[in-house]
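Asks: Next up is a structure, given as structure tokens.
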Amino acid sequence: MKLLEKLSAFAGKYFAVWVIAIAIVAFLIPDPFLPFGSYITILLGIVMFGMGLTLKPVDFKIVFMRPIPVIIGVAAQFIIMPLAAFSIAYLLKLPPELAAGLVLLGCVPGGTASNVMVYLAKGNLALSVAMTSLSTLLAPIMTPLLLLLLAGQWLPVDPVSMFMSIIQVIIIPIALGFIVQRFFPKAVEKSVSIVPLISVLAILIIVSAVTAANASNVVSAGFIVFIAVFLHNGFGLLLGYLTAMALGLNENDRRAISIEVGMQNSGLGVALATAHFSPLAALPSVWGAIWHNISGPILATIWSKKPVPEDNAAVIPAAKVPSAVKAGK
């Protein structure tokens with residue numbers, strides 16, 4: 001178990017490196033990875049089950065104690081990112097499948113990796129966890145609705161089918177994970193430190209499968225998609241911070257909201273694009289999985305060297321730091 005814990009921490013620490021490496025291998029030698037495409041939904045369900053194992057009622061405490069920052073953050077998540085994706089897709093004149101895929105990336109909730117980045121950036125971790133959890137719970141409604149409004153001009157969108165997909169691959173696994181850790185807390189406590197390793201392996205397989213399926217498209221569309229994802233992520237980080245600042249939130253909250261808004265649940269984007277659009281439409285989310293885990297650590301490192309004024313600091317007792325974050329998830 002100790003070895004697995006060390007491997008888990010190592011995998012989480014160098015996640016971006018592994019994602020880039022597996023994407024390159026899958027691009028150069030796609031055939032061995034193609035069969036994994038059939039298991040994308042199951043793999044994402046495993047990742048979400050892991051999130052459920054680490055989710056606790058205290059994670060929602062801030063929603064009731066300080067609801068305004070959470071409301072601002074989640075609203076920014078579902079306004080800034082979808083509109084930024086739509087605008088970039090329109091301005092860059094992306095082909096229909098790529099445009100719809102970028103908008104889909106903008107419409108999914110925040111990813112769990114953002115919690116780690118906020119922790120490292122000395123932001124408000126409690127706010128970050130609450131935003132991730134709440135935006136994920138809202139995803140079955142918000143993601144299909146926003147996608148229908150913004151991406152319907154490029155590809156047909158079936159909001160009911162997408163709603164059911166999100167329930168199956170996100171809500172049910174999270175609920176099961178939450179139930180397991182409530183009824184078997186000791187067993188979960190002993191094994192939760194290896195959850196990041198399982199999640200990293202699952203996401204790596206997802207990235208390899210979609211990269212392999214798009215091997216022929218990466219050469220022709222890879223650069224323009226990367227530019228689109230780069231701009232999308234940059235606007236999210238910047239506008240998230242500026243929104244929080246304009247509404248009078250403190251530096252802790254600004255950092256949390258910036259990172260939460262800018263980093264998306266790329267795995268969900270891949271799964272939904274593959275299931276409802278095409279492998280090509282999943283390419284923006286694959287680039288998102290790579291780039292978000294590069295830009296996030298860069299920004300977190302910069303902020304970690306800039307102390308937050310004491311009156312702005314959100315004091316988070318060590319015991320309340322999610323175990324997944326401690327392990328480097």
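In the structure tokens, each chain is lettered A, B, ... as it comes, each chain's residues begin at 1, and ligands are numbered from 1 in order of appearance.
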With a cut-off of 9 Å, could you pull out the residues of stretch 38-114 of chain A touching stretch 267-291 of chain A and give me the nearest pair of atoms for each, distance in Å to one decimal, using only C-alpha atoms, ordered by chain and ascending number, as CSV?
Replies:
residue,atom,partner,partner_atom,distance
A:Ile40,CA,A:Ala271,CA,6.0
A:Thr41,CA,A:Ala271,CA,5.8
A:Leu44,CA,A:Gly267,CA,6.5
A:Val47,CA,A:Gly267,CA,8.9
A:Pro96,CA,A:Ala281,CA,8.5
A:Glu97,CA,A:Ala281,CA,4.8
A:Leu98,CA,A:Ala281,CA,5.0
A:Ala99,CA,A:Ala281,CA,7.7
A:Ala100,CA,A:Ala281,CA,6.6
A:Gly101,CA,A:Ala281,CA,4.3
A:Leu102,CA,A:Pro284,CA,5.4
A:Leu104,CA,A:Gly269,CA,6.2
A:Leu105,CA,A:Gly269,CA,5.3
A:Gly106,CA,A:Gly269,CA,8.7
A:Cys107,CA,A:Gly269,CA,8.5
A:Val108,CA,A:Gly269,CA,6.5
A:Pro109,CA,A:Leu268,CA,8.5
A:Gly111,CA,A:Gly267,CA,8.4
Asks: Please, could you write that set of residues out with all heavy atoms as a short mmCIF file (atom, residue, chain, number, x, y, z; two decimals), in the first residue's frame?
Replies:
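Wrote it out as part_7.cif, contents follow:
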data_model
loop_
_atom_site.label_atom_id
_atom_site.label_comp_id
_atom_site.auth_asym_id
_atom_site.auth_seq_id
_atom_site.Cartn_x
_atom_site.Cartn_y
_atom_site.Cartn_z
N ILE A 40 -14.47 4.67 -22.78
CA ILE A 40 -14.30 6.04 -22.29
C ILE A 40 -15.31 6.38 -21.20
O ILE A 40 -14.97 6.94 -20.15
CB ILE A 40 -14.39 7.04 -23.46
CG1 ILE A 40 -13.13 6.93 -24.33
CG2 ILE A 40 -14.54 8.47 -22.93
CD1 ILE A 40 -13.16 7.83 -25.56
N THR A 41 -16.59 6.02 -21.43
CA THR A 41 -17.63 6.34 -20.46
C THR A 41 -17.39 5.63 -19.13
O THR A 41 -17.53 6.23 -18.06
CB THR A 41 -19.01 5.93 -21.01
OG1 THR A 41 -19.27 6.67 -22.22
CG2 THR A 41 -20.11 6.25 -20.00
N LEU A 44 -14.42 7.29 -17.28
CA LEU A 44 -14.79 8.56 -16.66
C LEU A 44 -15.63 8.31 -15.41
O LEU A 44 -15.49 9.01 -14.40
CB LEU A 44 -15.55 9.46 -17.64
CG LEU A 44 -15.94 10.84 -17.10
CD1 LEU A 44 -14.70 11.64 -16.72
CD2 LEU A 44 -16.77 11.60 -18.12
N VAL A 47 -13.37 7.71 -12.56
CA VAL A 47 -12.80 8.97 -12.05
C VAL A 47 -13.81 9.67 -11.15
O VAL A 47 -13.47 10.16 -10.06
CB VAL A 47 -12.39 9.89 -13.22
CG1 VAL A 47 -11.90 11.24 -12.68
CG2 VAL A 47 -11.29 9.24 -14.05
N PRO A 96 -17.25 22.78 -38.23
CA PRO A 96 -18.38 22.51 -37.33
C PRO A 96 -18.06 21.57 -36.17
O PRO A 96 -18.42 21.87 -35.02
CB PRO A 96 -19.43 21.89 -38.27
CG PRO A 96 -19.14 22.52 -39.59
CD PRO A 96 -17.64 22.66 -39.65
N GLU A 97 -17.41 20.44 -36.43
CA GLU A 97 -17.14 19.47 -35.36
C GLU A 97 -16.20 20.05 -34.30
O GLU A 97 -16.41 19.85 -33.10
CB GLU A 97 -16.55 18.19 -35.94
CG GLU A 97 -17.58 17.36 -36.72
CD GLU A 97 -16.93 16.16 -37.38
OE1 GLU A 97 -16.11 16.37 -38.30
OE2 GLU A 97 -17.25 15.02 -37.00
N LEU A 98 -15.19 20.77 -34.75
CA LEU A 98 -14.25 21.36 -33.79
C LEU A 98 -14.90 22.51 -33.03
O LEU A 98 -14.63 22.69 -31.84
CB LEU A 98 -13.00 21.85 -34.53
CG LEU A 98 -12.11 20.76 -35.14
CD1 LEU A 98 -10.95 21.38 -35.90
CD2 LEU A 98 -11.59 19.82 -34.06
N ALA A 99 -15.73 23.30 -33.72
CA ALA A 99 -16.42 24.40 -33.06
C ALA A 99 -17.35 23.87 -31.96
O ALA A 99 -17.35 24.37 -30.84
CB ALA A 99 -17.22 25.21 -34.08
N ALA A 100 -18.12 22.85 -32.31
CA ALA A 100 -19.03 22.25 -31.32
C ALA A 100 -18.24 21.63 -30.17
O ALA A 100 -18.64 21.72 -29.00
CB ALA A 100 -19.91 21.19 -31.98
N GLY A 101 -17.10 21.02 -30.49
CA GLY A 101 -16.27 20.42 -29.45
C GLY A 101 -15.68 21.44 -28.51
O GLY A 101 -15.60 21.21 -27.29
N LEU A 102 -15.29 22.61 -29.03
CA LEU A 102 -14.75 23.66 -28.18
C LEU A 102 -15.84 24.24 -27.28
O LEU A 102 -15.61 24.48 -26.09
CB LEU A 102 -14.14 24.78 -29.03
CG LEU A 102 -13.47 25.92 -28.24
CD1 LEU A 102 -12.24 25.40 -27.49
CD2 LEU A 102 -13.07 27.07 -29.17
N LEU A 104 -18.45 22.65 -26.30
CA LEU A 104 -18.72 21.61 -25.30
C LEU A 104 -17.71 21.69 -24.16
O LEU A 104 -18.08 21.61 -22.98
CB LEU A 104 -18.66 20.23 -25.95
CG LEU A 104 -18.76 19.01 -25.02
CD1 LEU A 104 -20.02 19.08 -24.18
CD2 LEU A 104 -18.71 17.72 -25.82
N LEU A 105 -16.44 21.88 -24.48
CA LEU A 105 -15.42 22.05 -23.45
C LEU A 105 -15.74 23.24 -22.56
O LEU A 105 -15.51 23.20 -21.34
CB LEU A 105 -14.04 22.24 -24.10
CG LEU A 105 -12.86 22.50 -23.14
CD1 LEU A 105 -12.66 21.32 -22.20
CD2 LEU A 105 -11.59 22.78 -23.93
N GLY A 106 -16.29 24.29 -23.14
CA GLY A 106 -16.65 25.48 -22.36
C GLY A 106 -17.88 25.29 -21.49
O GLY A 106 -18.08 26.03 -20.53
N CYS A 107 -18.71 24.29 -21.83
CA CYS A 107 -19.98 24.10 -21.12
C CYS A 107 -19.92 23.05 -20.01
O CYS A 107 -20.89 22.91 -19.26
CB CYS A 107 -21.08 23.71 -22.11
SG CYS A 107 -21.49 25.00 -23.31
N VAL A 108 -18.82 22.30 -19.92
CA VAL A 108 -18.72 21.30 -18.86
C VAL A 108 -18.30 21.98 -17.56
O VAL A 108 -17.79 23.10 -17.57
CB VAL A 108 -17.71 20.19 -19.23
CG1 VAL A 108 -18.20 19.41 -20.44
CG2 VAL A 108 -16.32 20.75 -19.48
N PRO A 109 -18.52 21.32 -16.43
CA PRO A 109 -18.17 21.94 -15.12
C PRO A 109 -16.67 21.94 -14.89
O PRO A 109 -15.88 21.44 -15.71
CB PRO A 109 -18.88 21.03 -14.12
CG PRO A 109 -18.94 19.70 -14.81
CD PRO A 109 -19.16 20.01 -16.26
N GLY A 111 -13.03 20.92 -13.28
CA GLY A 111 -12.41 19.62 -13.01
C GLY A 111 -11.81 19.56 -11.62
O GLY A 111 -11.51 20.59 -11.00
#
Asks: Write out as a ChimeraX atom specification all residues of stretch 51-196 of chain A that backbone DSSP assigns to alpha helix (DSSP H).
Replies: /A:51-54,61-65,67-91,96-107,113-120,125-151,159-166,172-183,185-191,195-196
Asks: Keeping only C-alpha atoms, write the selected residues to a file as a JSON list (two decimals), in the first residue's frame.
Replies:
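Below is the file that was written, out-v3.json:
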[["chain", "number", "residue", "atom", "x", "y", "z"],
["A", 51, "MET", "CA", -14.40, 12.08, -6.53],
["A", 52, "GLY", "CA", -17.41, 10.75, -4.63],
["A", 53, "LEU", "CA", -15.12, 8.85, -2.25],
["A", 54, "THR", "CA", -13.47, 12.13, -1.21],
["A", 61, "LYS", "CA", -20.53, 24.13, 4.30],
["A", 62, "ILE", "CA", -19.17, 27.24, 2.61],
["A", 63, "VAL", "CA", -22.24, 27.32, 0.32],
["A", 64, "PHE", "CA", -24.36, 28.13, 3.36],
["A", 65, "MET", "CA", -21.78, 30.13, 5.33],
["A", 67, "PRO", "CA", -22.87, 31.74, -0.50],
["A", 68, "ILE", "CA", -22.00, 34.90, -2.48],
["A", 69, "PRO", "CA", -18.47, 33.83, -3.62],
["A", 70, "VAL", "CA", -19.79, 30.38, -4.58],
["A", 71, "ILE", "CA", -22.69, 31.85, -6.57],
["A", 72, "ILE", "CA", -20.37, 34.32, -8.29],
["A", 73, "GLY", "CA", -17.86, 31.59, -9.12],
["A", 74, "VAL", "CA", -20.35, 29.06, -10.47],
["A", 75, "ALA", "CA", -22.19, 31.74, -12.46],
["A", 76, "ALA", "CA", -18.87, 32.86, -13.96],
["A", 77, "GLN", "CA", -18.07, 29.22, -14.78],
["A", 78, "PHE", "CA", -21.25, 28.76, -16.80],
["A", 79, "ILE", "CA", -21.23, 32.22, -18.42],
["A", 80, "ILE", "CA", -17.60, 33.08, -19.20],
["A", 81, "MET", "CA", -16.41, 29.73, -20.51],
["A", 82, "PRO", "CA", -19.33, 28.90, -22.85],
["A", 83, "LEU", "CA", -19.41, 32.42, -24.32],
["A", 84, "ALA", "CA", -15.61, 32.53, -24.66],
["A", 85, "ALA", "CA", -15.65, 29.17, -26.47],
["A", 86, "PHE", "CA", -18.44, 30.31, -28.80],
["A", 87, "SER", "CA", -16.64, 33.58, -29.61],
["A", 88, "ILE", "CA", -13.28, 31.88, -30.25],
["A", 89, "ALA", "CA", -14.86, 29.20, -32.45],
["A", 90, "TYR", "CA", -16.63, 31.90, -34.45],
["A", 91, "LEU", "CA", -13.61, 34.19, -34.81],
["A", 96, "PRO", "CA", -18.38, 22.51, -37.33],
["A", 97, "GLU", "CA", -17.14, 19.47, -35.36],
["A", 98, "LEU", "CA", -14.25, 21.36, -33.79],
["A", 99, "ALA", "CA", -16.42, 24.40, -33.06],
["A", 100, "ALA", "CA", -19.03, 22.25, -31.32],
["A", 101, "GLY", "CA", -16.27, 20.42, -29.45],
["A", 102, "LEU", "CA", -14.75, 23.66, -28.18],
["A", 103, "VAL", "CA", -18.15, 24.95, -27.03],
["A", 104, "LEU", "CA", -18.72, 21.61, -25.30],
["A", 105, "LEU", "CA", -15.42, 22.05, -23.45],
["A", 106, "GLY", "CA", -16.65, 25.48, -22.36],
["A", 107, "CYS", "CA", -19.98, 24.10, -21.12],
["A", 113, "ALA", "CA", -7.50, 19.04, -10.69],
["A", 114, "SER", "CA", -8.42, 22.69, -10.11],
["A", 115, "ASN", "CA", -8.67, 21.98, -6.36],
["A", 116, "VAL", "CA", -5.02, 20.99, -6.28],
["A", 117, "MET", "CA", -4.01, 24.12, -8.19],
["A", 118, "VAL", "CA", -5.98, 26.39, -5.84],
["A", 119, "TYR", "CA", -4.37, 24.68, -2.84],
["A", 120, "LEU", "CA", -0.89, 25.24, -4.29],
["A", 125, "LEU", "CA", -9.56, 25.80, -1.11],
["A", 126, "ALA", "CA", -12.97, 25.48, 0.54],
["A", 127, "LEU", "CA", -14.46, 27.74, -2.13],
["A", 128, "SER", "CA", -12.72, 25.76, -4.88],
["A", 129, "VAL", "CA", -14.06, 22.41, -3.66],
["A", 130, "ALA", "CA", -17.56, 23.85, -3.26],
["A", 131, "MET", "CA", -17.47, 25.31, -6.78],
["A", 132, "THR", "CA", -16.28, 22.04, -8.32],
["A", 133, "SER", "CA", -18.94, 20.06, -6.48],
["A", 134, "LEU", "CA", -21.80, 22.46, -7.18],
["A", 135, "SER", "CA", -20.95, 23.00, -10.85],
["A", 136, "THR", "CA", -20.70, 19.23, -11.29],
["A", 137, "LEU", "CA", -24.14, 18.71, -9.72],
["A", 138, "LEU", "CA", -25.57, 21.42, -12.00],
["A", 139, "ALA", "CA", -23.95, 19.94, -15.11],
["A", 140, "PRO", "CA", -26.87, 17.64, -16.13],
["A", 141, "ILE", "CA", -29.02, 20.75, -16.64],
["A", 142, "MET", "CA", -26.54, 23.47, -17.55],
["A", 143, "THR", "CA", -24.27, 21.62, -19.99],
["A", 144, "PRO", "CA", -27.00, 20.31, -22.37],
["A", 145, "LEU", "CA", -28.91, 23.61, -22.20],
["A", 146, "LEU", "CA", -25.88, 25.78, -22.96],
["A", 147, "LEU", "CA", -24.73, 23.41, -25.68],
["A", 148, "LEU", "CA", -28.15, 23.51, -27.32],
["A", 149, "LEU", "CA", -28.14, 27.31, -27.28],
["A", 150, "LEU", "CA", -24.57, 27.84, -28.47],
["A", 151, "ALA", "CA", -23.54, 24.80, -30.54],
["A", 159, "PRO", "CA", -30.25, 17.75, -24.72],
["A", 160, "VAL", "CA", -32.31, 14.91, -23.22],
["A", 161, "SER", "CA", -29.84, 12.25, -24.33],
["A", 162, "MET", "CA", -26.93, 14.35, -23.07],
["A", 163, "PHE", "CA", -28.72, 14.90, -19.76],
["A", 164, "MET", "CA", -29.00, 11.13, -19.32],
["A", 165, "SER", "CA", -25.34, 10.64, -20.26],
["A", 166, "ILE", "CA", -24.17, 13.11, -17.61],
["A", 172, "ILE", "CA", -24.47, 8.20, -10.32],
["A", 173, "PRO", "CA", -20.75, 7.36, -9.84],
["A", 174, "ILE", "CA", -20.27, 10.36, -7.51],
["A", 175, "ALA", "CA", -23.36, 9.35, -5.52],
["A", 176, "LEU", "CA", -22.12, 5.76, -5.26],
["A", 177, "GLY", "CA", -18.70, 6.95, -4.11],
["A", 178, "PHE", "CA", -20.29, 9.22, -1.52],
["A", 179, "ILE", "CA", -22.48, 6.38, -0.21],
["A", 180, "VAL", "CA", -19.52, 3.99, 0.02],
["A", 181, "GLN", "CA", -17.41, 6.43, 2.03],
["A", 182, "ARG", "CA", -20.35, 7.19, 4.34],
["A", 183, "PHE", "CA", -20.99, 3.52, 5.16],
["A", 185, "PRO", "CA", -15.34, 5.18, 6.18],
["A", 186, "LYS", "CA", -12.44, 3.14, 7.60],
["A", 187, "ALA", "CA", -11.95, 1.11, 4.43],
["A", 188, "VAL", "CA", -12.14, 4.25, 2.29],
["A", 189, "GLU", "CA", -9.72, 6.13, 4.55],
["A", 190, "LYS", "CA", -7.14, 3.36, 4.11],
["A", 191, "SER", "CA", -7.47, 3.21, 0.34],
["A", 195, "VAL", "CA", -7.53, 7.16, -5.79],
["A", 196, "PRO", "CA", -5.39, 9.74, -7.64]]
Asks: Restricting the calculation to only C-alpha atoms, which member of A:Ile171, A:Val58, A:Val207, A:Leu92 is positioned closest to A:Ile227?
Replies: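 With only C-alpha atoms as the atom set, the closest residue is A:Leu92.
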Asks: Point out the residue among A:Thr112, A:Leu204, A:Asn124, A:Ile259 with the least atom-to-atom distance to A:Arg66, counting only C-alpha atoms.
Replies: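 Using only C-alpha atoms, the shortest distance to A:Arg66 belongs to A:Asn124.
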Asks: Using only C-alpha atoms, determine which residues lie at most 9 Å from A:Val17, disregarding the query and same-chain residues fewer than 4 positions distant; provide the list as a PDB file with C-alpha atoms, in the first residue's frame.
Replies:
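Output contents, as saved in result-v5.pdb:
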ATOM      1  CA  ALA A  21       3.751  11.458 -23.246  1.00  0.00           C
ATOM      2  CA  ILE A  22       0.761   9.167 -23.799  1.00  0.00           C
ATOM      3  CA  ILE A 290      -3.078  18.557 -21.695  1.00  0.00           C
ATOM      4  CA  ASN A 293      -2.562  20.726 -16.520  1.00  0.00           C
ATOM      5  CA  ILE A 294       0.322  22.855 -17.760  1.00  0.00           C
TER       6      ILE A 294
END
Asks: Give me the residues within 9 Å of A:Phe235 as a short mmCIF file (atom, residue, chain, number, x, y, z; two decimals) with all heavy atoms, in the first residue's frame, counting only C-alpha atoms and dropping any in the same chain fewer than 2 places off.
Replies:
data_model
loop_
_atom_site.label_atom_id
_atom_site.label_comp_id
_atom_site.auth_asym_id
_atom_site.auth_seq_id
_atom_site.Cartn_x
_atom_site.Cartn_y
_atom_site.Cartn_z
N ILE A 80 -18.85 32.70 -18.53
CA ILE A 80 -17.60 33.08 -19.20
C ILE A 80 -17.12 32.01 -20.16
O ILE A 80 -16.84 32.28 -21.34
CB ILE A 80 -16.51 33.39 -18.15
CG1 ILE A 80 -16.85 34.68 -17.40
CG2 ILE A 80 -15.14 33.52 -18.83
CD1 ILE A 80 -15.91 34.98 -16.24
N MET A 81 -17.02 30.77 -19.69
CA MET A 81 -16.41 29.73 -20.51
C MET A 81 -17.23 29.35 -21.74
O MET A 81 -16.68 29.21 -22.84
CB MET A 81 -16.10 28.50 -19.65
CG MET A 81 -15.08 28.77 -18.55
SD MET A 81 -13.56 29.57 -19.16
CE MET A 81 -12.63 28.14 -19.70
N ALA A 84 -16.98 32.41 -24.14
CA ALA A 84 -15.61 32.53 -24.66
C ALA A 84 -15.37 31.48 -25.74
O ALA A 84 -14.79 31.76 -26.79
CB ALA A 84 -14.60 32.38 -23.53
N PHE A 230 -5.87 27.21 -25.96
CA PHE A 230 -4.96 28.13 -25.26
C PHE A 230 -5.68 29.45 -24.96
O PHE A 230 -5.64 29.96 -23.83
CB PHE A 230 -3.73 28.39 -26.12
CG PHE A 230 -2.79 29.43 -25.59
CD1 PHE A 230 -1.84 29.11 -24.61
CD2 PHE A 230 -2.85 30.74 -26.04
CE1 PHE A 230 -0.98 30.07 -24.11
CE2 PHE A 230 -1.99 31.71 -25.55
CZ PHE A 230 -1.06 31.37 -24.58
N LEU A 231 -6.36 30.02 -25.96
CA LEU A 231 -7.08 31.28 -25.77
C LEU A 231 -8.25 31.10 -24.80
O LEU A 231 -8.49 31.95 -23.93
CB LEU A 231 -7.61 31.78 -27.12
CG LEU A 231 -6.55 32.25 -28.12
CD1 LEU A 231 -7.20 32.56 -29.47
CD2 LEU A 231 -5.81 33.49 -27.61
N HIS A 232 -8.95 30.00 -24.95
CA HIS A 232 -10.11 29.72 -24.11
C HIS A 232 -9.71 29.64 -22.64
O HIS A 232 -10.33 30.27 -21.77
CB HIS A 232 -10.76 28.41 -24.57
CG HIS A 232 -12.02 28.07 -23.86
ND1 HIS A 232 -12.19 26.91 -23.13
CD2 HIS A 232 -13.20 28.75 -23.75
CE1 HIS A 232 -13.40 26.89 -22.63
NE2 HIS A 232 -14.03 27.98 -22.97
N ASN A 233 -8.67 28.89 -22.37
CA ASN A 233 -8.17 28.74 -21.01
C ASN A 233 -7.67 30.08 -20.46
O ASN A 233 -7.95 30.45 -19.30
CB ASN A 233 -7.06 27.69 -20.99
CG ASN A 233 -6.39 27.56 -19.64
OD1 ASN A 233 -5.19 27.76 -19.51
ND2 ASN A 233 -7.14 27.19 -18.61
N LEU A 237 -9.12 32.06 -17.11
CA LEU A 237 -8.31 32.41 -15.95
C LEU A 237 -8.35 33.91 -15.68
O LEU A 237 -8.51 34.35 -14.54
CB LEU A 237 -6.86 31.96 -16.16
CG LEU A 237 -6.63 30.44 -16.24
CD1 LEU A 237 -5.20 30.15 -16.69
CD2 LEU A 237 -6.92 29.77 -14.90
N LEU A 238 -8.19 34.71 -16.75
CA LEU A 238 -8.16 36.16 -16.60
C LEU A 238 -9.52 36.73 -16.21
O LEU A 238 -9.63 37.50 -15.25
CB LEU A 238 -7.69 36.80 -17.92
CG LEU A 238 -7.68 38.33 -17.96
CD1 LEU A 238 -6.72 38.89 -16.92
CD2 LEU A 238 -7.31 38.83 -19.35
N LEU A 239 -10.55 36.35 -16.95
CA LEU A 239 -11.87 36.92 -16.69
C LEU A 239 -12.46 36.42 -15.38
O LEU A 239 -13.23 37.13 -14.72
CB LEU A 239 -12.82 36.59 -17.85
CG LEU A 239 -12.44 37.23 -19.20
CD1 LEU A 239 -13.43 36.81 -20.28
CD2 LEU A 239 -12.41 38.76 -19.07
N GLY A 240 -12.11 35.20 -14.99
CA GLY A 240 -12.55 34.71 -13.68
C GLY A 240 -11.99 35.57 -12.56
O GLY A 240 -12.70 35.96 -11.63
N GLY A 262 -11.15 28.71 -15.16
CA GLY A 262 -10.26 28.41 -16.29
C GLY A 262 -10.03 26.94 -16.55
O GLY A 262 -9.72 26.55 -17.68
#
Asks: From the set A:Ser258, A:Ile20, A:Leu299, A:Pro30, which residue has the shortest atom-to-atom contact distance to A:Ala212, counting only C-alpha atoms?
Replies: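 Once distances to A:Ala212 are computed over only C-alpha atoms, the minimum belongs to A:Pro30.
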Asks: So which one's closest to A:Ile298, A:Ala121, A:Ser193, A:Asp31, A:Leu201? Using only C-alpha atoms, please.
Replies: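 Distance minimum relative to A:Ile298 lands on A:Ala121.
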Asks: So how many Å separate atom CA of A:Val200 and atom CA of A:Ile224, to one decimal?
Replies: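 Interatomic distance here is 26.6 Å.
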